[in-house]
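Peer 1: The structure that follows is given in the form of structure tokens.
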Amino acid sequence: MRHAFDVRQSVSFRTLLGEDSVNKELASLPKLSTADVPPMTSVSIDTFADEVDQPVSISLAELFPEARFFGCKDVSLSSLAEDVRECSPGDVVIYRVGEGDPNELISDALARGAGGILTEQLLPCPIPQCIVGSVDHALARIASARHRHPDRQLLTVGVLGNSGKTSTCLLAATLTKALGIRTAYQCDLGSSDGVVNETPAQAVLHGAPLIDWIAESGDCLSRIAIIEIDETAARDGHYDAMQFDVLMVTGKRELSDDFGPCGLQCLLEQLTPSGIVIAPSEDAKTVRVLEQARCQAIFYGTTAESEFGAIMIDQSGGMATLMLTAGDTSAMMETPLCGISMASNIAAASALGSLLGHSPHEIAKHLSTLRSIPGRGQRLVDFGHATVVLETGGTVDRVKAALRTAKAVGAGGRVWCVLAIGEGDDAEMLASSGHCIERFAHHCVVTSRPEQSGSFLQRSHQLLDGVKKCAAVRLVADQQKAIEWAIESSRARDTVVVITNDRAQSAHQSRTEMAALEQLVAAARARKDAEDEPATEADAAADAGAPIKLKLFR
């Protein structure tokens with residue numbers, strides 16, 4: 001550090017000291033080079049004001065021109081009180097319709113000297129009130145104004161779709177970090193503000209907490225934020241307080257259950273004028289929506305016709321060989337993330353890397369460093385035992401993709417499927433799941449999650465409605481015993497696919513469950529080895545002194 005300062009005669013620093021400036025005369029430093037450069041002789045330290053802790057006053061009339069005010073023409077907000085019991089004089093209190101007794105809130109607010117109430121309905125009290133359509137939406141806009149629109153301070157990438165969001169988030173974050181870009185991300189398996197990685201106990205953020213997280217990521221000098229989008233939250237307007245520079249669409253878009261717009265249509269309104277959508281070329285519904293919106297879009301896929309592609313060359317032995325293409329440039333890539341669905345996610349991440357100005361060769365090199373994703377085709381391999389694949393599932397398409405991949409990548413053995421019945425699965429979906437596992441797996445085991453064992457019998461019969469040969473499906477209510485039985489009954493070349501089918505999990509819960517399943521598999525394998533050891537020793541004693549025979553081909 002000292003030799004870097006030697007080339008300058010004076011150096012200026014900025015600090016929060018109380019004095020206006022501090023000057024320090026330094027003794028001449030010895031030169032570390034032979035160049036004739038004058039040494040540094042002084043340092044000047046200037047002060048600047050601390051703007052972080054200064055309260056920001058927000059005019060609610062300017063922020064919400066559509067709001068109605070009672071008892072005043074405007075409410076000036078400097079501090080918010082989520083709980084009226086923590087209200088200080090002058091604070092604006094929040095009241096959500098249906099939460100708590102409004103009469104108690106009014107009396108507490110009057111007693112504590114509240115400066116106003118932000119609510120969704122008129123309350124009978126003399127305190128100034130700001131009436132908005134949704135308190136949650138208003139809080140998100142307030143957070144954005146307080147932090148001076150943090151989503152405009154870094155590149156904001158939203159990832160949405162029917163499947164593959166978490167894998168695409170992690171692939172894109174792995175790529176951008178390897179390219180030297182400090183990256184913040186959040187998905188179902190964890191989050192990072194660019195400095196600290198976490199597995200939070202709450203679900204993926206949206207609304208005001210998301211704005212706060214983006215601001216924190218910006219304070220950590222992150223240059224890009226990759227956010228997994230919740231479809232329901234997008235349709236409910238919880239992302240309306242921010243803008244996106246890039247939208248990445250994964251999987252195939254399905255028709256919504258009601259007559260409103262889908263999540264993609266809602267987020268297109270939040271796309272910046274120069275924003276770009278990265279979408280799958282094989283999904284005709286998504287392509288049609290983008291054409292109607294007339295927004296800038298690039299398309300990816302797993303075929304040679306795609307603008308940005310990840311073409312499957314081969315997948316065997318737990319490895320997949322892909323060819324990444326970008327225009328007339330291509331690069332080969334080898335990865336343990338197998339399957340056509342995962343190849344599509346890799347293509348989406350590759351398209352983002354190309355937008356950032358990097359070549360397919362560099363992108364392939366960095367994407368291949370991500371070796372495993374918990375619960376997304378996670379392979380547990382041990383010599384002499386069947387390969388166990390942990391899959392979260394959640395939809396029939398994901399179950400089908402997991403079984404197809406296991407059959408394509410396996411070593412020629414049979415495919416076992418241990419399927420746990422999901423909590424939100426209706427009778428139609430259960431019947432479709434039964435038809436799927438019977439078609440793509442050689443051996444099927446149906447089980448339930450620990451908290452749903454009471455309804456297992458009824459729901460398992462709904463699953464069997466889609467099965468032709470019901471006697472071929474084994475029903476085991478205990479999930480742990482079902483997995484242990486499949487591992488003990490399988491052979492070395494077989495593949496056991498364990499599908500947990502739990503959608504409503506936080507990052508901490510998901511990783512904890514996957515870690516518990518890994519320990520369960522390891523214990524089952526150790527127990528099987530202990531049972532097979534006496535027979536192996538007996539065979540070895542019988543073969544002592546016998547001529548050597550090759551037993552690979554019998």
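Residue numbers start at 1 in each chain; chains themselves are named A, B, ... in the order of the structure tokens; ligands are numbered from 1 in the order shown.
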Find the residues of stretch 459-532 of chain A that sit at most 7 Å from stretch 179-191 of chain A; for each, write down the nearest two atoms and how far apart they are in Å, to one decimal. Count only C-alpha atoms. Sort by chain, then by number going up, and give it as CSV.

Peer 2:
residue,atom,partner,partner_atom,distance
A:Ser506,CA,A:Asp188,CA,6.3
A:Ala507,CA,A:Leu189,CA,4.3
A:Ser510,CA,A:Leu189,CA,6.7
A:Arg511,CA,A:Leu189,CA,6.8

Peer 1: Would you export the selected residues with C-alpha atoms as a compact mmCIF listing (two decimals), in the first residue's frame, please?

Peer 2:
# COMPACT_ATOMS: atom_id res chain seq x y z
CA SER A 506 -38.82 -21.94 3.30
CA ALA A 507 -35.16 -22.19 2.33
CA SER A 510 -36.03 -27.30 2.29
CA ARG A 511 -32.33 -27.66 3.05

Peer 1: From the DSSP assignment of the backbone, select every residue of stretch 312-366 of chain A that is alpha helix (DSSP H), and format the answer as a PyMOL selection string.

Peer 2: chain A and resi 340-355+360-366

Peer 1: Using only C-alpha atoms, find the one residue out of A:Glu82, A:Glu104, A:Asp502, A:Glu120 that sits nearest to A:Val135.

Peer 2: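 Ranked by minimum distance to A:Val135, first place goes to A:Glu120.
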
Peer 1: Hey, which of A:Pro280, A:Gly466, A:Gly98, A:Gly133 ends up closest to A:Ala427? Count only C-alpha atoms.

Peer 2: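 Selected residue with least distance to A:Ala427: A:Gly466.
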
Peer 1: Closest to A:Leu352 among A:Ile226, A:Cys72, A:Val204, A:Cys125, using only C-alpha atoms?

Peer 2: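 Using only C-alpha atoms, A:Leu352 sits closest to A:Ile226.
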
Peer 1: List every residue of stretch 217-388 of chain A that DSSP, applied to the backbone, labels as strand (DSSP E), and write the result as an NGL selection string.

Peer 2: :A and (224-228 or 244-250 or 271-280 or 296-301 or 308-316 or 319-326 or 329-335 or 376-380 or 387-388)

Peer 1: Report the closest atom pair, with its distance in Å rounded to one decimal, for each residue of stretch 162-248 of chain A that has an atom no farther than 12 Å from stretch 388-410 of chain A; count only C-alpha atoms, sort by chain and then rising residue number, and write it as CSV.

Peer 2:
residue,atom,partner,partner_atom,distance
A:Asn162,CA,A:Thr395,CA,9.1
A:Ser163,CA,A:Arg398,CA,7.5
A:Gly164,CA,A:Arg398,CA,9.1
A:Thr166,CA,A:Thr392,CA,11.2
A:Ser167,CA,A:Thr392,CA,11.8
A:Asp188,CA,A:Thr392,CA,11.2
A:Leu189,CA,A:Thr392,CA,11.4

Peer 1: Which value, in Å to one decimal, gives the distance between atom CA of A:Lys165 and atom CA of A:Ala326?

Peer 2: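 Spanning atom CA of A:Lys165 to atom CA of A:Ala326 is a straight-line distance of 21.8 Å.
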
Peer 1: So how many Å separate atom CA of A:Met514 and atom CA of A:Ala472, to one decimal?

Peer 2: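 So the answer is 27.9 Å.
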
Peer 1: Using only C-alpha atoms for the distances, tell me which of A:Ser78, A:Gln315, A:Ser350, A:Thr156 is nearest to A:Ala143.

Peer 2: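 Nearest to A:Ala143: A:Ser78.
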
Peer 1: Quick one: of A:Leu123, A:Val75, A:Met333, A:Leu247, who's nearest to A:Phe299, counting only C-alpha atoms?

Peer 2: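 Among the listed residues, the smallest separation from A:Phe299 belongs to A:Leu247.
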
Peer 1: Find the residues around A:Thr174 up to 10 Å (only C-alpha atoms counted), leave out those fewer than 6 positions away in its own chain, and share them as a ChimeraX atom specification.

Peer 2: /A:168,183,349,366-370

Peer 1: Could you check the closest approach to A:Glu282 for each of A:Thr500, A:Gln270, A:Thr512, A:Thr302 and tell me which residue wins, using only C-alpha atoms?

Peer 2: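 Comparing A:Thr500, A:Gln270, A:Thr512, A:Thr302 against A:Glu282, the winner is A:Thr302.
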